[in-house]
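Q: Once you've had a glance at the structure underneath, I'll fire off some questions.
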Amino acid sequence: MPYIFVDGKVRKILFKGLEENIRKIVVNNLGDDKGVIIQNISKKGAGIRSIFITGKLKRAQSNHGGFGDPFACGNGVIMIGEDSPKCQIKASHKEAIENILICKSVDTNAYSGNAYRQAYNECIASNAIVSAVTLGKIKKINTKAIGPAVIAVDVSSKIKEKQYGKKVKVTEPIVGKDNFVE
């Protein structure tokens, strides 16, 4: 499935039976105070490459897949337009959150062409969150492996450094690591 667009205050988007990665999900839910749940229950490791939310995200979960671009032929994006302090992003325990930019927004006027890819690459190259990327707020990222990635969100449920290697495998670089490590 290359692309899906959902307009309005939808509560849940459920994917089932997919054998390939979902390339892009766009949800126009600006002003919805509860947020949307996006869940992929496909069994063959199909993950979600990019999610664009104008409003809040309640949960993004891929039961048997990951988030981002596992083939590193580009990068994925999880862009959450409004701070979502109850939001959880959860990948399968066998998959990773990798080659991805997680943020509140990107100033597309700052770039020509694919602004999200350029912002990701600029953040990775400079090892900093660049000014064109706006930080957001979520509760938790739940995964066994993360990175390379740009984490431009403040995560309130933090991963402690002593858990590395036990609960989460971090693959450098992680730009914005200070946003989720105590």
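Starting from 1 in every chain, residues are counted up; chains themselves are A, B, ... following the order of the structure tokens, and ligands are numbered from 1 as listed.
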Per DSSP on the backbone, filter chain A down to the residues in strand (DSSP E or B) and report them as a count of residues only.
A: 75
Q: Running DSSP on the backbone, which parts of region 4-157 of chain A land in helix (DSSP H, G or I), as a compact mmCIF listing (two decimals) with N, CA and C atoms, in the first residue's frame?
A:
# COMPACT_ATOMS: atom_id res chain seq x y z
N THR A 108 9.09 23.20 5.39
CA THR A 108 9.35 22.76 4.01
C THR A 108 9.88 23.90 3.14
N ASN A 109 9.66 25.15 3.55
CA ASN A 109 10.19 26.30 2.79
C ASN A 109 11.71 26.40 2.90
N ALA A 110 12.30 25.74 3.87
CA ALA A 110 13.75 25.81 4.07
C ALA A 110 14.51 24.92 3.10
N ALA A 115 11.86 17.78 1.48
CA ALA A 115 12.27 18.50 2.70
C ALA A 115 12.55 17.55 3.86
N TYR A 116 11.78 16.48 3.98
CA TYR A 116 11.93 15.57 5.11
C TYR A 116 13.24 14.79 5.01
N ARG A 117 13.58 14.34 3.83
CA ARG A 117 14.84 13.64 3.63
C ARG A 117 16.02 14.59 3.86
N GLN A 118 15.91 15.81 3.34
CA GLN A 118 16.99 16.78 3.51
C GLN A 118 17.16 17.15 4.98
N ALA A 119 16.06 17.34 5.70
CA ALA A 119 16.13 17.66 7.13
C ALA A 119 16.77 16.52 7.91
N TYR A 120 16.36 15.29 7.59
CA TYR A 120 16.94 14.11 8.25
C TYR A 120 18.45 14.07 8.02
N ASN A 121 18.86 14.19 6.75
CA ASN A 121 20.28 14.12 6.41
C ASN A 121 21.09 15.24 7.07
N GLU A 122 20.51 16.44 7.12
CA GLU A 122 21.21 17.57 7.74
C GLU A 122 21.36 17.36 9.25
N CYS A 123 20.32 16.83 9.89
CA CYS A 123 20.41 16.53 11.33
C CYS A 123 21.48 15.46 11.60
N ILE A 124 21.50 14.40 10.80
CA ILE A 124 22.48 13.33 10.98
C ILE A 124 23.90 13.87 10.77
N ALA A 125 24.09 14.65 9.70
CA ALA A 125 25.42 15.18 9.37
C ALA A 125 25.95 16.12 10.45
N SER A 126 25.05 16.95 11.01
CA SER A 126 25.48 17.93 12.00
C SER A 126 25.39 17.41 13.44
Q: Do you have the CA of Ser112 (chain A)-CA of Asn29 (chain A) distance handy?
A: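 Between CA of Ser112 (chain A) and CA of Asn29 (chain A) the gap works out to 26.6 Å.
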Q: Distance table requested - region 124-156 of chain A against region 85-93 of chain A, cut-off 8 Å, only C-alpha atoms: one row per qualifying residue with the closest atom pair and its distance in Å to one decimal, ordered by chain and rising residue number, as a Markdown table.
A:
| residue | atom | partner | partner_atom | distance |
| --- | --- | --- | --- | --- |
| A:Lys137 | CA | A:Pro85 | CA | 5.8 |
| A:Ile138 | CA | A:Pro85 | CA | 4.5 |
| A:Lys139 | CA | A:Pro85 | CA | 5.1 |
| A:Lys140 | CA | A:Gln88 | CA | 4.8 |
| A:Ile141 | CA | A:Ile89 | CA | 4.9 |
| A:Asn142 | CA | A:Lys90 | CA | 4.6 |
| A:Thr143 | CA | A:Ala91 | CA | 5.3 |
| A:Lys144 | CA | A:His93 | CA | 5.7 |
| A:Ser156 | CA | A:Pro85 | CA | 7.6 |
Q: A:Gly47, A:Gly74, A:Gly8, A:Gly165: which is nearest Gln61 (chain A), counting only C-alpha atoms?
A: A:Gly47
Q: Quick one: residues within 10 Å of Lys43 (chain A), only C-alpha atoms, excluding same-chain residues fewer than 5 positions away - as a list in words?
A: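 Here the qualifying residues turn out to be Lys16, Gly17, Leu18, Glu19, Ser62, Asn63, His64 and Gly65 of chain A.
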